[in-house]
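Here the structure comes first, spelled out in structure tokens, and everything after it is commentary.
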Amino acid sequence: MNSKGCVFVMVYFLLTIILILAGIIFYQYKAKINRNRQLSYIQQKLTTIITNNTRENLLVFTDDKQLISLLTSINGLLNANQKILADYITNQESTKKMISNISHDLKTPLTVITGYLEMVALNKAIPIDEERKISKAYEKAEELQTLITKFFDLTKIESGDKQASLEKVNLNEVCKKCMLGFYEILTDNELEISINIPNKNLYAIGNEEILTRILNNLISNAIKYGSEGNIIGLNLTTDDQFIYIEIWDKGKGIQEKEQEKIFERLYTLEDSRNKMYQGSGLGLTITKRLVESIDGKIQLTSEPYDKTTFTIQLKKLTA
């Protein structure tokens, strides 16, 4: 073979090697793009499943053994999480139903007991010492009856048995009516009253009956726990989207470490051991659930002996 032939063979061989390498590089590049696309899809789909809490699994058609192994592990975790969530929901429903049934079963005999204690307490022939004991028993029976009623109310709210009908509510009128309902209690306790309600009527999406109950709970709570500040207030304000109702006092307040837990079921403040601050730990939980049932929000800010404010946020409506 002459020199020209050798050169031709060498060039041909080099071109072949270059084409093979180029093919390998192109294949790797396409494989990388495809893997990146599949990983991006997996990430987006996983975010959607977690955000929307759906019962889907990740489905990606691929021959990549590492991706197949990753998908198998992720789907295993998703299935385990779905089972845990399903068990949790089932247990929650069972607990709510049990509490509701117990509350209902206890209410009737307790009402009878309370009635008998009241009748006995009214008997003038009973010695003073016995009368005091009966009065104490009657007081405790009423406390228990109130607690059972709160449990019953909370389970009904959380079970969604009765959906709140949303309507247009005149907040000026509701706020005035609620504060007026507590006027005698406030004045009897020598508490100053501060009411800031605009002259122009403000309307929100809500439910007047539920909103009245919310405000009554918060005002009663302010009187019970904030009376040391000698003033109870209500502010009604608005912006472009929402209306805000503030119930405030300048009493003992709530420490920062407890503010995040105050709406939790059965949570009571550390000083609930003090008779003056005793509570069932259900009042604010019920209030929060009621606010949420009318598509509202509630938050707390508190500086002890400066200002403690519960703020309700509702969607604004034009008149």
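Identifiers in this document derive from the order of the structure tokens: chains are assigned A, B, ..., residues are numbered from 1 separately in each chain, and ligands are numbered from 1 in order of occurrence.
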Review point. Which of segment 151-267 of chain A counts as helix (DSSP H, G or I) under DSSP, as a ChimeraX atom specification please?
Key: /A:151-159,171-181,183-188,208-229,256-259
Practice item. For Gln313 of chain A, work out the shell of residues within 7 Å, counting only C-alpha atoms and skipping chain neighbours fewer than 3 positions away, then give it as a ChimeraX atom specification. Key: /A:242-245,296-298
Restricted to all heavy atoms, what would the selected residues look like written as a JSON list (two decimals), in the first residue's frame?
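selection_5.json, freshly written:
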[["chain", "number", "residue", "atom", "x", "y", "z"],
["A", 242, "PHE", "N", -60.74, 43.86, 53.49],
["A", 242, "PHE", "CA", -61.24, 43.20, 54.71],
["A", 242, "PHE", "C", -61.78, 44.20, 55.72],
["A", 242, "PHE", "O", -61.50, 45.40, 55.66],
["A", 242, "PHE", "CB", -60.13, 42.38, 55.36],
["A", 242, "PHE", "CG", -59.54, 41.33, 54.47],
["A", 242, "PHE", "CD1", -58.31, 41.53, 53.85],
["A", 242, "PHE", "CD2", -60.21, 40.13, 54.25],
["A", 242, "PHE", "CE1", -57.76, 40.57, 53.02],
["A", 242, "PHE", "CE2", -59.68, 39.16, 53.42],
["A", 242, "PHE", "CZ", -58.45, 39.38, 52.81],
["A", 243, "ILE", "N", -62.56, 43.64, 56.65],
["A", 243, "ILE", "CA", -63.04, 44.40, 57.81],
["A", 243, "ILE", "C", -62.47, 43.72, 59.05],
["A", 243, "ILE", "O", -62.40, 42.48, 59.13],
["A", 243, "ILE", "CB", -64.57, 44.43, 57.87],
["A", 243, "ILE", "CG1", -65.12, 45.15, 56.63],
["A", 243, "ILE", "CG2", -65.05, 45.16, 59.13],
["A", 243, "ILE", "CD1", -66.63, 45.16, 56.55],
["A", 244, "TYR", "N", -62.06, 44.52, 60.02],
["A", 244, "TYR", "CA", -61.43, 44.00, 61.22],
["A", 244, "TYR", "C", -62.21, 44.41, 62.46],
["A", 244, "TYR", "O", -62.56, 45.58, 62.62],
["A", 244, "TYR", "CB", -59.99, 44.52, 61.33],
["A", 244, "TYR", "CG", -59.16, 44.26, 60.10],
["A", 244, "TYR", "CD1", -59.10, 45.23, 59.08],
["A", 244, "TYR", "CD2", -58.47, 43.07, 59.93],
["A", 244, "TYR", "CE1", -58.36, 45.00, 57.93],
["A", 244, "TYR", "CE2", -57.72, 42.84, 58.79],
["A", 244, "TYR", "CZ", -57.67, 43.80, 57.79],
["A", 244, "TYR", "OH", -56.94, 43.57, 56.65],
["A", 245, "ILE", "N", -62.49, 43.43, 63.30],
["A", 245, "ILE", "CA", -63.12, 43.70, 64.59],
["A", 245, "ILE", "C", -62.10, 43.37, 65.67],
["A", 245, "ILE", "O", -61.59, 42.24, 65.73],
["A", 245, "ILE", "CB", -64.38, 42.84, 64.81],
["A", 245, "ILE", "CG1", -65.37, 43.01, 63.65],
["A", 245, "ILE", "CG2", -65.05, 43.20, 66.13],
["A", 245, "ILE", "CD1", -66.55, 42.06, 63.72],
["A", 296, "GLY", "N", -63.50, 33.44, 57.99],
["A", 296, "GLY", "CA", -62.73, 34.52, 58.59],
["A", 296, "GLY", "C", -61.44, 34.03, 59.21],
["A", 296, "GLY", "O", -61.14, 32.82, 59.19],
["A", 297, "LYS", "N", -60.68, 34.94, 59.77],
["A", 297, "LYS", "CA", -59.45, 34.61, 60.48],
["A", 297, "LYS", "C", -59.43, 35.34, 61.82],
["A", 297, "LYS", "O", -60.04, 36.40, 61.95],
["A", 297, "LYS", "CB", -58.22, 35.02, 59.66],
["A", 297, "LYS", "CG", -58.05, 34.26, 58.36],
["A", 297, "LYS", "CD", -56.81, 34.73, 57.61],
["A", 297, "LYS", "CE", -56.64, 33.97, 56.31],
["A", 297, "LYS", "NZ", -55.44, 34.44, 55.55],
["A", 298, "ILE", "N", -58.73, 34.77, 62.77],
["A", 298, "ILE", "CA", -58.60, 35.42, 64.08],
["A", 298, "ILE", "C", -57.14, 35.34, 64.52],
["A", 298, "ILE", "O", -56.47, 34.34, 64.28],
["A", 298, "ILE", "CB", -59.52, 34.76, 65.13],
["A", 298, "ILE", "CG1", -59.45, 35.52, 66.46],
["A", 298, "ILE", "CG2", -59.20, 33.29, 65.33],
["A", 298, "ILE", "CD1", -60.50, 35.09, 67.48]]
Check your understanding: In segment 25-269 of chain A, what's strand (DSSP E or B) per DSSP? Answer as number ranges by chain?
Key -> A: 167-170, 192-196, 203-206, 231-238, 242-249
Practice item. Tell me which protein, DNA and RNA residues are within 12 Å of Leu46 of chain A, counting only C-alpha atoms, leaving out same-chain ones fewer than 5 positions away, and put them as a PyMOL selection string. Key: chain A and resi 38-41+51-60+71+74-75+77-78
For those residues, write N, CA, C and O atoms to a file as a CSV table (one decimal), in the first residue's frame.
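Result file result.csv:
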chain,number,residue,atom,x,y,z
A,38,GLN,N,-37.2,14.6,33.2
A,38,GLN,CA,-37.9,13.6,34.0
A,38,GLN,C,-37.8,14.0,35.5
A,38,GLN,O,-38.8,14.0,36.3
A,39,LEU,N,-36.6,14.5,35.9
A,39,LEU,CA,-36.5,14.9,37.3
A,39,LEU,C,-37.3,16.2,37.6
A,39,LEU,O,-37.9,16.3,38.7
A,40,SER,N,-37.3,17.1,36.7
A,40,SER,CA,-38.1,18.3,36.8
A,40,SER,C,-39.6,17.9,37.0
A,40,SER,O,-40.4,18.5,37.8
A,41,TYR,N,-40.1,17.0,36.1
A,41,TYR,CA,-41.5,16.5,36.2
A,41,TYR,C,-41.8,15.9,37.5
A,41,TYR,O,-42.8,16.1,38.1
A,51,THR,N,-49.0,19.3,48.0
A,51,THR,CA,-49.8,20.5,48.2
A,51,THR,C,-51.3,20.2,48.2
A,51,THR,O,-52.1,20.7,49.1
A,52,ASN,N,-51.8,19.4,47.3
A,52,ASN,CA,-53.2,19.1,47.1
A,52,ASN,C,-53.7,17.9,47.9
A,52,ASN,O,-54.8,17.6,47.9
A,53,ASN,N,-52.7,17.2,48.5
A,53,ASN,CA,-53.0,16.1,49.4
A,53,ASN,C,-53.8,15.0,48.6
A,53,ASN,O,-54.8,14.5,49.1
A,54,THR,N,-53.3,14.7,47.4
A,54,THR,CA,-54.0,13.8,46.5
A,54,THR,C,-53.5,12.4,46.8
A,54,THR,O,-52.5,12.2,47.5
A,55,ARG,N,-54.2,11.4,46.3
A,55,ARG,CA,-53.8,10.0,46.5
A,55,ARG,C,-53.1,9.4,45.3
A,55,ARG,O,-53.1,8.2,45.0
A,56,GLU,N,-52.4,10.2,44.5
A,56,GLU,CA,-51.7,9.8,43.3
A,56,GLU,C,-50.3,9.2,43.7
A,56,GLU,O,-49.8,9.4,44.7
A,57,ASN,N,-49.8,8.5,42.7
A,57,ASN,CA,-48.4,8.1,42.7
A,57,ASN,C,-47.7,8.7,41.5
A,57,ASN,O,-48.3,9.2,40.6
A,58,LEU,N,-46.3,8.7,41.6
A,58,LEU,CA,-45.5,9.2,40.5
A,58,LEU,C,-45.4,8.2,39.4
A,58,LEU,O,-45.0,7.0,39.6
A,59,LEU,N,-45.8,8.6,38.2
A,59,LEU,CA,-45.7,7.7,37.0
A,59,LEU,C,-44.8,8.3,36.0
A,59,LEU,O,-45.1,9.3,35.4
A,60,VAL,N,-43.6,7.7,35.7
A,60,VAL,CA,-42.7,8.2,34.7
A,60,VAL,C,-42.2,7.0,33.9
A,60,VAL,O,-41.7,6.0,34.5
A,71,LEU,N,-38.1,6.4,42.0
A,71,LEU,CA,-39.6,6.5,41.9
A,71,LEU,C,-40.3,5.4,42.8
A,71,LEU,O,-41.3,5.7,43.4
A,74,ILE,N,-40.0,6.7,46.4
A,74,ILE,CA,-40.9,7.8,46.6
A,74,ILE,C,-42.3,7.4,46.7
A,74,ILE,O,-43.1,7.8,47.6
A,75,ASN,N,-42.7,6.5,45.8
A,75,ASN,CA,-44.1,6.0,45.8
A,75,ASN,C,-44.4,5.2,47.1
A,75,ASN,O,-45.5,5.2,47.6
A,77,LEU,N,-43.1,5.9,50.0
A,77,LEU,CA,-43.3,6.9,51.0
A,77,LEU,C,-44.6,7.5,50.9
A,77,LEU,O,-45.3,7.8,51.9
A,78,LEU,N,-45.1,7.8,49.7
A,78,LEU,CA,-46.4,8.4,49.4
A,78,LEU,C,-47.5,7.5,49.9
A,78,LEU,O,-48.4,8.0,50.6
Exercise for review: Go ahead and compute the interatomic distance for atom CA of Glu260 of chain A and atom CA of Asn207 of chain A, in Å to one decimal.
Suggested key: 26.4 Å
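Distances from A:Leu202, A:Ala121, A:Ile42, A:Ala31 to Ser135 of chain A were compared using only C-alpha atoms, and the smallest one belongs to A:Ala121.
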Practice item. Determine, counting only C-alpha atoms, which protein, DNA and RNA residues have an atom within 12 Å of an atom of Ile312 of chain A; residues of the same chain fewer than 3 positions away are not included. Present the result as a PyMOL selection string. Key: chain A and resi 171+175+204+206+211+214-215+218+234-238+242-248+287-288+290-292+294-301+309+315
